[in-house]
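Undergrad: To be precise about what I am sending: the file is called upload.cif and holds mmCIF, C-alpha atoms.
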data_input
loop_
_atom_site.label_atom_id
_atom_site.label_comp_id
_atom_site.auth_asym_id
_atom_site.auth_seq_id
_atom_site.Cartn_x
_atom_site.Cartn_y
_atom_site.Cartn_z
CA MET A 17 -20.90 -21.57 3.75
CA ALA A 18 -19.78 -18.30 2.17
CA ILE A 19 -21.45 -15.10 3.31
CA ALA A 20 -24.35 -14.15 1.04
CA VAL A 21 -23.48 -11.46 -1.49
CA GLU A 22 -26.55 -9.50 -0.34
CA GLU A 23 -25.09 -9.39 3.17
CA LEU A 24 -21.85 -8.02 1.77
CA GLU A 25 -23.61 -5.46 -0.37
CA ALA A 26 -25.48 -4.23 2.71
CA LEU A 27 -22.10 -3.19 4.16
CA VAL A 28 -21.48 -0.69 1.38
CA GLY A 29 -21.81 2.84 2.68
CA LYS A 30 -21.81 1.89 6.35
CA PRO A 31 -18.94 3.76 8.02
CA PHE A 32 -16.15 2.06 9.95
CA PRO A 33 -15.77 3.27 13.55
CA GLY A 34 -12.86 5.47 12.44
CA GLY A 35 -10.29 7.03 14.72
CA ARG A 36 -7.14 9.06 14.81
CA TYR A 37 -3.63 8.40 13.59
CA THR A 38 -0.47 10.22 14.56
CA ILE A 39 2.65 9.84 12.45
CA GLU A 40 4.87 9.12 15.42
CA PRO A 41 8.45 10.24 14.71
CA TYR A 42 10.04 7.04 16.05
CA ARG A 43 7.62 4.90 14.08
CA HIS A 44 8.31 6.81 10.87
CA TRP A 45 12.03 6.31 11.40
CA LEU A 46 11.67 2.58 12.04
CA MET A 47 9.37 1.98 9.08
CA GLN A 48 11.55 3.92 6.68
CA ASP A 49 14.63 2.15 7.96
CA ALA A 50 12.86 -1.16 7.30
CA VAL A 51 11.93 -0.34 3.70
CA GLY A 52 15.10 1.51 2.73
CA GLY A 53 13.63 5.00 2.65
CA PRO A 54 15.06 8.14 4.25
CA ALA A 55 14.85 7.39 8.00
CA THR A 56 13.72 10.75 9.40
CA ARG A 57 11.95 11.87 12.57
CA ALA A 58 10.80 15.33 11.41
CA GLY A 59 9.50 17.10 8.32
CA GLU A 60 7.64 15.56 5.40
CA ALA A 61 6.48 12.00 5.92
CA SER A 62 6.55 9.22 3.38
CA PRO A 63 3.28 9.11 1.43
CA MET A 64 3.08 5.49 2.61
CA GLU A 65 1.90 6.96 5.92
CA GLY A 66 -1.39 7.64 4.11
CA TYR A 67 -1.71 3.87 3.73
CA TYR A 68 -0.44 2.92 7.20
CA GLY A 69 -2.57 5.63 8.83
CA ALA A 70 -5.73 4.55 7.04
CA LEU A 71 -5.40 0.97 8.26
CA ALA A 72 -4.29 1.93 11.76
CA GLY A 73 -7.00 4.56 12.24
CA MET A 74 -10.04 2.94 10.64
CA GLY A 75 -11.24 1.68 14.01
CA LEU A 76 -11.06 -2.00 13.07
CA SER A 77 -8.15 -4.39 13.14
CA VAL A 78 -7.43 -6.19 9.88
CA ASP A 79 -8.82 -9.38 11.46
CA GLU A 80 -12.01 -7.50 12.43
CA LEU A 81 -12.28 -6.19 8.87
CA PHE A 82 -11.98 -9.76 7.59
CA ALA A 83 -14.66 -10.91 10.08
CA LEU A 84 -16.98 -8.13 8.90
CA VAL A 85 -16.93 -9.61 5.41
CA GLY A 86 -17.25 -13.18 6.65
CA ALA A 87 -13.62 -14.18 6.30
CA THR A 88 -10.57 -14.99 8.39
CA ALA A 89 -6.84 -14.78 7.72
CA ASP A 90 -6.91 -18.57 7.26
CA ASP A 91 -9.08 -18.15 4.13
CA GLY A 92 -6.01 -16.70 2.42
CA PRO A 93 -7.21 -13.19 1.61
CA MET A 94 -4.95 -11.38 -0.85
CA PHE A 95 -4.16 -7.80 -1.65
CA GLY A 96 -5.91 -6.70 -4.82
CA GLU A 97 -5.16 -3.05 -5.43
CA ALA A 98 -3.97 -0.21 -3.25
CA GLY A 99 -4.06 3.50 -3.85
CA ILE A 100 -2.84 6.57 -2.01
CA ASP A 101 -3.94 10.03 -3.08
CA VAL A 102 -2.00 12.70 -1.19
CA ARG A 103 -3.74 16.07 -1.34
CA ARG A 104 -1.00 17.80 0.65
CA PRO A 105 2.27 16.44 2.04
CA LEU A 106 1.85 14.44 5.23
CA GLU A 107 3.87 15.65 8.21
CA ILE A 108 5.77 13.62 10.77
CA GLY A 109 4.28 14.30 14.21
CA ALA A 110 0.90 15.40 12.83
CA THR A 111 -2.38 13.76 13.86
CA TYR A 112 -5.09 12.89 11.34
CA ARG A 113 -8.71 11.90 11.76
CA VAL A 114 -9.47 8.72 9.82
CA SER A 115 -12.92 7.89 8.45
CA GLY A 116 -14.40 5.78 5.71
CA GLY A 117 -15.82 2.38 4.94
CA ILE A 118 -16.56 -0.23 2.33
CA THR A 119 -17.34 1.29 -1.07
CA GLY A 120 -17.77 -1.77 -3.26
CA VAL A 121 -18.28 -5.52 -3.30
CA VAL A 122 -17.99 -7.73 -6.37
CA ARG A 123 -18.46 -11.51 -6.37
CA LYS A 124 -16.73 -13.36 -9.19
CA GLU A 125 -16.08 -16.94 -10.16
CA GLY A 126 -12.95 -18.09 -11.89
CA ARG A 127 -12.41 -21.47 -13.48
CA LYS A 128 -9.33 -22.13 -11.35
CA ALA A 129 -9.87 -19.72 -8.46
CA GLY A 130 -13.47 -20.65 -7.76
CA VAL A 131 -15.76 -18.12 -6.10
CA PHE A 132 -14.11 -15.02 -4.64
CA ASP A 133 -15.16 -11.56 -3.51
CA ILE A 134 -13.36 -8.31 -4.18
CA VAL A 135 -14.06 -5.88 -1.35
CA THR A 136 -12.99 -2.26 -1.80
CA PHE A 137 -12.76 0.27 1.00
CA ARG A 138 -11.89 3.96 1.04
CA LEU A 139 -10.52 5.93 3.97
CA GLU A 140 -9.81 9.63 4.35
CA LEU A 141 -7.17 11.27 6.52
CA VAL A 142 -8.15 14.78 7.62
CA GLY A 143 -5.74 17.10 9.39
CA GLU A 144 -6.48 18.85 12.68
CA ASP A 145 -7.36 21.98 10.66
CA GLY A 146 -10.19 20.06 8.99
CA GLU A 147 -8.48 19.88 5.59
CA LEU A 148 -8.35 16.62 3.68
CA ALA A 149 -4.75 15.39 3.56
CA ALA A 150 -4.92 11.95 1.95
CA VAL A 151 -7.26 9.28 0.63
CA SER A 152 -6.43 5.59 0.76
CA THR A 153 -8.35 3.14 -1.41
CA ASN A 154 -7.71 -0.56 -1.09
CA SER A 155 -9.20 -3.81 -2.20
CA PHE A 156 -8.81 -7.28 -0.76
CA ILE A 157 -9.63 -10.50 -2.55
CA PHE A 158 -11.40 -13.12 -0.43
CA PRO A 159 -11.50 -16.69 -1.75
CA ARG A 160 -14.79 -18.35 -0.82
CA ARG A 161 -14.35 -22.05 -0.33
CA ASP A 162 -17.42 -23.85 0.92
CA MET Y 25 13.68 23.26 -7.08
CA ALA Y 26 11.45 22.59 -10.08
CA LEU Y 27 11.86 19.21 -11.72
CA ASP Y 28 11.91 18.72 -15.46
CA ALA Y 29 10.11 15.74 -16.98
CA GLN Y 30 9.06 14.65 -20.43
CA ALA Y 31 6.67 11.99 -21.63
CA GLY Y 32 8.57 8.82 -22.45
CA GLU Y 33 11.36 9.59 -19.99
CA GLU Y 34 12.52 6.71 -17.81
CA ILE Y 35 13.24 7.83 -14.27
CA PRO Y 36 16.27 6.42 -12.41
CA PRO Y 37 15.45 2.88 -11.25
CA LEU Y 38 15.89 1.69 -7.70
CA LEU Y 39 17.71 -1.62 -7.24
CA ILE Y 40 17.31 -3.74 -4.14
CA ASP Y 41 20.00 -6.37 -4.36
CA SER Y 42 18.51 -8.83 -1.88
CA ILE Y 43 15.32 -8.52 0.15
CA SER Y 44 16.22 -9.13 3.79
CA SER Y 45 13.96 -11.02 6.17
CA GLU Y 46 14.96 -8.91 9.19
CA PRO Y 47 13.03 -5.72 8.25
CA MET Y 48 9.90 -7.82 7.73
CA LYS Y 49 9.89 -8.50 11.49
CA THR Y 50 9.97 -4.76 12.25
CA VAL Y 51 7.17 -4.12 9.75
CA ALA Y 52 5.06 -6.97 11.16
CA ALA Y 53 5.34 -5.41 14.61
CA LEU Y 54 4.65 -1.86 13.43
CA LEU Y 55 1.64 -2.86 11.34
CA HIS Y 56 0.33 -5.37 13.92
CA ASP Y 57 0.43 -7.90 11.09
CA SER Y 58 0.21 -11.29 12.75
CA ASN Y 59 0.51 -13.34 9.55
CA PRO Y 60 3.45 -15.69 10.25
CA ILE Y 61 4.45 -15.98 6.58
CA HIS Y 62 6.34 -12.72 7.14
CA PHE Y 63 8.57 -13.97 9.94
CA ASP Y 64 8.30 -17.75 10.42
CA VAL Y 65 9.83 -19.96 7.73
CA GLU Y 66 8.07 -23.02 9.16
CA ALA Y 67 4.69 -21.36 8.55
CA VAL Y 68 5.69 -20.69 4.94
CA GLN Y 69 6.79 -24.31 4.53
CA ALA Y 70 3.55 -25.59 6.07
CA LEU Y 71 1.59 -23.68 3.42
CA GLY Y 72 3.71 -25.17 0.66
CA MET Y 73 5.01 -21.76 -0.33
CA GLY Y 74 8.70 -22.65 -0.25
CA ASP Y 75 11.31 -22.00 2.37
CA ARG Y 76 11.70 -18.25 2.35
CA VAL Y 77 9.53 -15.74 4.24
CA VAL Y 78 7.18 -13.52 2.25
CA ASN Y 79 7.60 -9.76 2.13
CA GLN Y 80 4.66 -7.58 3.21
CA GLY Y 81 2.77 -6.14 0.22
CA PRO Y 82 3.02 -2.56 1.49
CA ASN Y 83 6.82 -2.90 1.54
CA ASN Y 84 6.72 -3.50 -2.20
CA MET Y 85 4.69 -0.30 -2.59
CA ALA Y 86 7.21 1.53 -0.42
CA TYR Y 87 10.11 0.62 -2.73
CA VAL Y 88 8.25 2.32 -5.60
CA VAL Y 89 7.58 5.35 -3.39
CA ASN Y 90 11.28 5.49 -2.49
CA MET Y 91 12.21 5.51 -6.18
CA LEU Y 92 9.71 8.31 -6.89
CA ALA Y 93 10.75 10.40 -3.87
CA SER Y 94 14.40 10.04 -4.77
CA TRP Y 95 13.71 11.26 -8.32
CA ALA Y 96 11.38 14.06 -7.17
CA GLY Y 97 13.72 15.28 -4.46
CA SER Y 98 11.32 14.88 -1.54
CA PRO Y 99 8.61 12.47 -0.33
CA GLY Y 100 6.08 15.33 -0.24
CA ARG Y 101 6.15 15.55 -4.01
CA VAL Y 102 4.81 12.04 -4.42
CA ARG Y 103 1.09 12.80 -4.63
CA GLY Y 104 -0.45 9.60 -5.84
CA LEU Y 105 0.19 5.91 -6.25
CA ARG Y 106 -2.19 3.20 -7.39
CA VAL Y 107 -0.88 -0.34 -7.68
CA ARG Y 108 -1.94 -3.92 -8.35
CA PHE Y 109 -0.24 -6.70 -6.44
CA LEU Y 110 0.78 -9.32 -8.98
CA GLY Y 111 2.87 -11.75 -6.98
CA ASN Y 112 4.68 -12.52 -3.76
CA VAL Y 113 8.19 -11.27 -3.02
CA PHE Y 114 10.38 -13.59 -0.99
CA ALA Y 115 13.42 -13.01 1.20
CA GLY Y 116 16.51 -13.07 -0.99
CA ASP Y 117 14.73 -11.77 -4.11
CA ARG Y 118 16.51 -9.16 -6.18
CA LEU Y 119 14.10 -6.38 -7.19
CA THR Y 120 14.16 -3.31 -9.38
CA ALA Y 121 11.61 -0.50 -9.16
CA ARG Y 122 11.13 1.33 -12.44
CA GLY Y 123 9.03 4.18 -13.79
CA THR Y 124 8.29 5.93 -17.05
CA VAL Y 125 6.74 9.37 -17.42
CA THR Y 126 3.55 9.11 -19.45
CA GLY Y 127 2.61 12.79 -19.44
CA VAL Y 128 3.10 16.20 -17.87
CA ARG Y 129 0.16 18.45 -17.01
CA GLU Y 130 -0.76 21.57 -15.09
CA GLU Y 131 -3.56 21.63 -12.54
CA GLY Y 132 -4.44 24.36 -10.06
CA GLY Y 133 -1.27 26.24 -10.92
CA GLU Y 134 0.93 23.22 -10.17
CA ARG Y 135 2.77 20.97 -12.64
CA PHE Y 136 2.47 17.21 -12.32
CA ALA Y 137 4.04 14.21 -13.99
CA ASP Y 138 1.99 11.05 -14.50
CA LEU Y 139 3.97 7.83 -14.53
CA ASP Y 140 3.66 4.13 -15.12
CA VAL Y 141 5.52 2.35 -12.34
CA TRP Y 142 6.37 -1.24 -11.57
CA LEU Y 143 8.51 -3.54 -9.46
CA GLU Y 144 10.16 -6.48 -11.17
CA ARG Y 145 12.25 -9.52 -10.34
CA ALA Y 146 13.18 -9.73 -13.99
CA GLU Y 147 12.00 -8.02 -17.17
CA ASP Y 148 9.16 -10.50 -17.63
CA ASP Y 149 8.40 -11.02 -13.93
CA ARG Y 150 6.59 -8.05 -12.46
CA VAL Y 151 5.40 -8.38 -8.88
CA LEU Y 152 3.57 -5.05 -8.76
CA ASP Y 153 2.53 -2.44 -11.29
CA GLY Y 154 0.49 0.73 -11.40
CA THR Y 155 0.51 4.47 -11.89
CA ALA Y 156 1.84 7.44 -9.94
CA VAL Y 157 1.55 11.21 -9.78
CA VAL Y 158 4.50 13.41 -8.84
CA ALA Y 159 4.41 17.18 -8.30
CA LEU Y 160 7.19 18.79 -10.32
CA GLY Y 161 7.28 22.07 -8.37
#
For the file at hand, write its structure as structure tokens.

TA:
Amino acid sequence: MAIAVEELEALVGKPFPGGRYTIEPYRHWLMQDAVGGPATRAGEASPMEGYYGALAGMGLSVDELFALVGATADDGPMFGEAGIDVRRPLEIGATYRVSGGITGVVRKEGRKAGVFDIVTFRLELVGEDGELAAVSTNSFIFPRRD
Amino acid sequence: MALDAQAGEEIPPLLIDSISSEPMKTVAALLHDSNPIHFDVEAVQALGMGDRVVNQGPNNMAYVVNMLASWAGSPGRVRGLRVRFLGNVFAGDRLTARGTVTGVREEGGERFADLDVWLERAEDDRVLDGTAVVALG
């Protein structure tokens, strides 16, 4: 049975464990090489690191995030939207503190899709100097098949 | 160097002739993404999704970022990206990332361009769309 919407709504505002994320030079090179970007090991990082860092540093694995909202990878969760807001360029080699949590839950029912939940979460990356560097906002769509 | 931009301007597109399955394996490892649809064709077939592995969604975002960074002159100038995922991309797909400037504004002493951006297999087959913000310097 699908998790009750009230249970999901109770998660809004509760912080994830959080953590730290370092834009490792070798990792930046490999990722950029994989996606056809400039493969560099120093200097400005791809803004995609704001996305990768948010997920890697939130203190939960993606599977744990799914479990938190009563889902598993086998339920076929899908990406909904993703946003990166870079307040200042991210730097290769820099370490960021990651914090945030679930900011919204919406249950919907489609004629073909059936019942599904849209879960939105927001994570901040703060530099070692305490300044906000980037904000990552993402939503996943969770089909709820009873 | 300051970048010039005008509303209505199309920025240079980025063409990816054929999405390769090999980089998906690297990305799966780097992102700790255990979903086999990104590296195991048999898993894709078992789900009835065809016989080509599925690209990671963030890779599709990254192609748009690459287009923006190439136009802007550096990745640090790409200040914002918000996208909707509209469909799966499969190994072997031919993709084009495109963007159009929708406005130019000044904020906090800095000039920014706002853009509509998208990734398409064909003109009527978008797999991702959204908006972006680029600092013009």

Undergrad: With only C-alpha atoms as the basis for distance, which of A:Tyr68, A:Thr38, A:Lys124, A:Val51 is at the shortest distance from Y:Ile43?

TA: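 Smallest separation from Y:Ile43 among the options: A:Val51.
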
Undergrad: Decode the PyMOL selection byres ((chain Y and resi 97-103) around 12) for the given file into explicit residues and return them as JSON, numbers by chain.

TA: {"A": [48, 53, 54, 55, 56, 59, 60, 61, 62, 63, 64, 65, 66, 99, 100, 101, 102, 103, 104, 105, 106, 107, 108, 149, 150, 151, 152], "Y": [25, 26, 27, 28, 86, 88, 89, 90, 91, 92, 93, 94, 95, 96, 104, 105, 106, 134, 135, 136, 137, 138, 139, 155, 156, 157, 158, 159, 160, 161]}

Undergrad: Give me a file of those residues, with C-alpha atoms, as a PDB file, keeping the file's coordinate frame.

TA:
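Dumped to selection-v7.pdb:
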ATOM      1  CA  GLN A  48      11.550   3.920   6.680  1.00  0.00           C
ATOM      2  CA  GLY A  53      13.630   5.000   2.650  1.00  0.00           C
ATOM      3  CA  PRO A  54      15.060   8.140   4.250  1.00  0.00           C
ATOM      4  CA  ALA A  55      14.850   7.390   8.000  1.00  0.00           C
ATOM      5  CA  THR A  56      13.720  10.750   9.400  1.00  0.00           C
ATOM      6  CA  GLY A  59       9.500  17.100   8.320  1.00  0.00           C
ATOM      7  CA  GLU A  60       7.640  15.560   5.400  1.00  0.00           C
ATOM      8  CA  ALA A  61       6.480  12.000   5.920  1.00  0.00           C
ATOM      9  CA  SER A  62       6.550   9.220   3.380  1.00  0.00           C
ATOM     10  CA  PRO A  63       3.280   9.110   1.430  1.00  0.00           C
ATOM     11  CA  MET A  64       3.080   5.490   2.610  1.00  0.00           C
ATOM     12  CA  GLU A  65       1.900   6.960   5.920  1.00  0.00           C
ATOM     13  CA  GLY A  66      -1.390   7.640   4.110  1.00  0.00           C
ATOM     14  CA  GLY A  99      -4.060   3.500  -3.850  1.00  0.00           C
ATOM     15  CA  ILE A 100      -2.840   6.570  -2.010  1.00  0.00           C
ATOM     16  CA  ASP A 101      -3.940  10.030  -3.080  1.00  0.00           C
ATOM     17  CA  VAL A 102      -2.000  12.700  -1.190  1.00  0.00           C
ATOM     18  CA  ARG A 103      -3.740  16.070  -1.340  1.00  0.00           C
ATOM     19  CA  ARG A 104      -1.000  17.800   0.650  1.00  0.00           C
ATOM     20  CA  PRO A 105       2.270  16.440   2.040  1.00  0.00           C
ATOM     21  CA  LEU A 106       1.850  14.440   5.230  1.00  0.00           C
ATOM     22  CA  GLU A 107       3.870  15.650   8.210  1.00  0.00           C
ATOM     23  CA  ILE A 108       5.770  13.620  10.770  1.00  0.00           C
ATOM     24  CA  ALA A 149      -4.750  15.390   3.560  1.00  0.00           C
ATOM     25  CA  ALA A 150      -4.920  11.950   1.950  1.00  0.00           C
ATOM     26  CA  VAL A 151      -7.260   9.280   0.630  1.00  0.00           C
ATOM     27  CA  SER A 152      -6.430   5.590   0.760  1.00  0.00           C
TER      28      SER A 152
ATOM     29  CA  MET Y  25      13.680  23.260  -7.080  1.00  0.00           C
ATOM     30  CA  ALA Y  26      11.450  22.590 -10.080  1.00  0.00           C
ATOM     31  CA  LEU Y  27      11.860  19.210 -11.720  1.00  0.00           C
ATOM     32  CA  ASP Y  28      11.910  18.720 -15.460  1.00  0.00           C
ATOM     33  CA  ALA Y  86       7.210   1.530  -0.420  1.00  0.00           C
ATOM     34  CA  VAL Y  88       8.250   2.320  -5.600  1.00  0.00           C
ATOM     35  CA  VAL Y  89       7.580   5.350  -3.390  1.00  0.00           C
ATOM     36  CA  ASN Y  90      11.280   5.490  -2.490  1.00  0.00           C
ATOM     37  CA  MET Y  91      12.210   5.510  -6.180  1.00  0.00           C
ATOM     38  CA  LEU Y  92       9.710   8.310  -6.890  1.00  0.00           C
ATOM     39  CA  ALA Y  93      10.750  10.400  -3.870  1.00  0.00           C
ATOM     40  CA  SER Y  94      14.400  10.040  -4.770  1.00  0.00           C
ATOM     41  CA  TRP Y  95      13.710  11.260  -8.320  1.00  0.00           C
ATOM     42  CA  ALA Y  96      11.380  14.060  -7.170  1.00  0.00           C
ATOM     43  CA  GLY Y 104      -0.450   9.600  -5.840  1.00  0.00           C
ATOM     44  CA  LEU Y 105       0.190   5.910  -6.250  1.00  0.00           C
ATOM     45  CA  ARG Y 106      -2.190   3.200  -7.390  1.00  0.00           C
ATOM     46  CA  GLU Y 134       0.930  23.220 -10.170  1.00  0.00           C
ATOM     47  CA  ARG Y 135       2.770  20.970 -12.640  1.00  0.00           C
ATOM     48  CA  PHE Y 136       2.470  17.210 -12.320  1.00  0.00           C
ATOM     49  CA  ALA Y 137       4.040  14.210 -13.990  1.00  0.00           C
ATOM     50  CA  ASP Y 138       1.990  11.050 -14.500  1.00  0.00           C
ATOM     51  CA  LEU Y 139       3.970   7.830 -14.530  1.00  0.00           C
ATOM     52  CA  THR Y 155       0.510   4.470 -11.890  1.00  0.00           C
ATOM     53  CA  ALA Y 156       1.840   7.440  -9.940  1.00  0.00           C
ATOM     54  CA  VAL Y 157       1.550  11.210  -9.780  1.00  0.00           C
ATOM     55  CA  VAL Y 158       4.500  13.410  -8.840  1.00  0.00           C
ATOM     56  CA  ALA Y 159       4.410  17.180  -8.300  1.00  0.00           C
ATOM     57  CA  LEU Y 160       7.190  18.790 -10.320  1.00  0.00           C
ATOM     58  CA  GLY Y 161       7.280  22.070  -8.370  1.00  0.00           C
TER      59      GLY Y 161
END

Undergrad: Could you check how far atom CA of Y:Val151 sits from atom CA of A:Ala98, in Å to one decimal?

TA: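 Value for the atom CA of Y:Val151-atom CA of A:Ala98 distance: 13.6 Å.
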
Undergrad: Provide the atom CA of A:Arg160 to atom CA of A:Gly96 distance in Å, to one decimal place.

TA: 15.2 Å

Undergrad: Written as JSON, numbers by chain, which residues does the PyMOL selection byres ((chain A and resi 93) around 6) give for the file shown?

TA: {"A": [91, 92, 94, 157, 158]}

Undergrad: To one decimal place in Å, what is the distance between atom CA of A:Val28 and atom CA of A:Thr119?

TA: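 That distance, rounded to one decimal, is 5.2 Å.
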
Undergrad: Could you tell me, as a list of chain:residue names, exactly which residues end up selected when the PyMOL selection byres ((chain A and resi 86) around 12) is applied to this structure?

TA: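 That selection, the PyMOL selection byres ((chain A and resi 86) around 12), comes back as A:Met17, A:Ala18, A:Ile19, A:Ala20, A:Val21, A:Glu23, A:Leu24, A:Leu27, A:Asp79, A:Glu80, A:Leu81, A:Phe82, A:Ala83, A:Leu84, A:Val85, A:Ala87, A:Thr88, A:Ala89, A:Asp90, A:Asp91, A:Pro93, A:Phe132, A:Asp133, A:Val135, A:Phe158, A:Pro159, A:Arg160, A:Arg161.
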
Undergrad: Please complete stretch 108-126 of chain Y with N, CA and C atoms and give it back as a short mmCIF file (atom, residue, chain, number, x, y, z; two decimals), in the frame of the given file.

TA:
data_model
loop_
_atom_site.label_atom_id
_atom_site.label_comp_id
_atom_site.auth_asym_id
_atom_site.auth_seq_id
_atom_site.Cartn_x
_atom_site.Cartn_y
_atom_site.Cartn_z
N ARG Y 108 -1.37 -2.57 -8.42
CA ARG Y 108 -1.94 -3.92 -8.35
C ARG Y 108 -0.84 -4.84 -7.85
N PHE Y 109 -1.21 -5.72 -6.94
CA PHE Y 109 -0.24 -6.70 -6.44
C PHE Y 109 -0.32 -7.93 -7.34
N LEU Y 110 0.80 -8.25 -7.98
CA LEU Y 110 0.78 -9.32 -8.98
C LEU Y 110 1.41 -10.62 -8.49
N GLY Y 111 2.22 -10.53 -7.45
CA GLY Y 111 2.87 -11.75 -6.98
C GLY Y 111 3.62 -11.51 -5.69
N ASN Y 112 3.95 -12.60 -5.02
CA ASN Y 112 4.68 -12.52 -3.76
C ASN Y 112 6.16 -12.22 -4.00
N VAL Y 113 6.74 -11.50 -3.06
CA VAL Y 113 8.19 -11.27 -3.02
C VAL Y 113 8.72 -12.04 -1.83
N PHE Y 114 9.81 -12.76 -2.05
CA PHE Y 114 10.38 -13.59 -0.99
C PHE Y 114 11.74 -13.06 -0.55
N ALA Y 115 12.10 -13.39 0.70
CA ALA Y 115 13.42 -13.01 1.20
C ALA Y 115 14.48 -13.52 0.22
N GLY Y 116 15.44 -12.69 -0.07
CA GLY Y 116 16.51 -13.07 -0.99
C GLY Y 116 16.26 -12.63 -2.42
N ASP Y 117 15.02 -12.24 -2.74
CA ASP Y 117 14.73 -11.77 -4.11
C ASP Y 117 15.51 -10.50 -4.41
N ARG Y 118 15.87 -10.38 -5.69
CA ARG Y 118 16.51 -9.16 -6.18
C ARG Y 118 15.44 -8.40 -6.96
N LEU Y 119 15.20 -7.14 -6.58
CA LEU Y 119 14.10 -6.38 -7.19
C LEU Y 119 14.61 -5.08 -7.80
N THR Y 120 13.90 -4.63 -8.81
CA THR Y 120 14.16 -3.31 -9.38
C THR Y 120 12.83 -2.58 -9.52
N ALA Y 121 12.77 -1.37 -8.96
CA ALA Y 121 11.61 -0.50 -9.16
C ALA Y 121 11.91 0.39 -10.35
N ARG Y 122 10.92 0.53 -11.23
CA ARG Y 122 11.13 1.33 -12.44
C ARG Y 122 9.91 2.22 -12.69
N GLY Y 123 10.14 3.29 -13.45
CA GLY Y 123 9.03 4.18 -13.79
C GLY Y 123 9.30 4.91 -15.08
N THR Y 124 8.21 5.18 -15.80
CA THR Y 124 8.29 5.93 -17.05
C THR Y 124 7.26 7.05 -17.02
N VAL Y 125 7.67 8.24 -17.37
CA VAL Y 125 6.74 9.37 -17.42
C VAL Y 125 5.81 9.18 -18.61
N THR Y 126 4.51 9.26 -18.35
CA THR Y 126 3.55 9.11 -19.45
C THR Y 126 2.97 10.46 -19.89
#
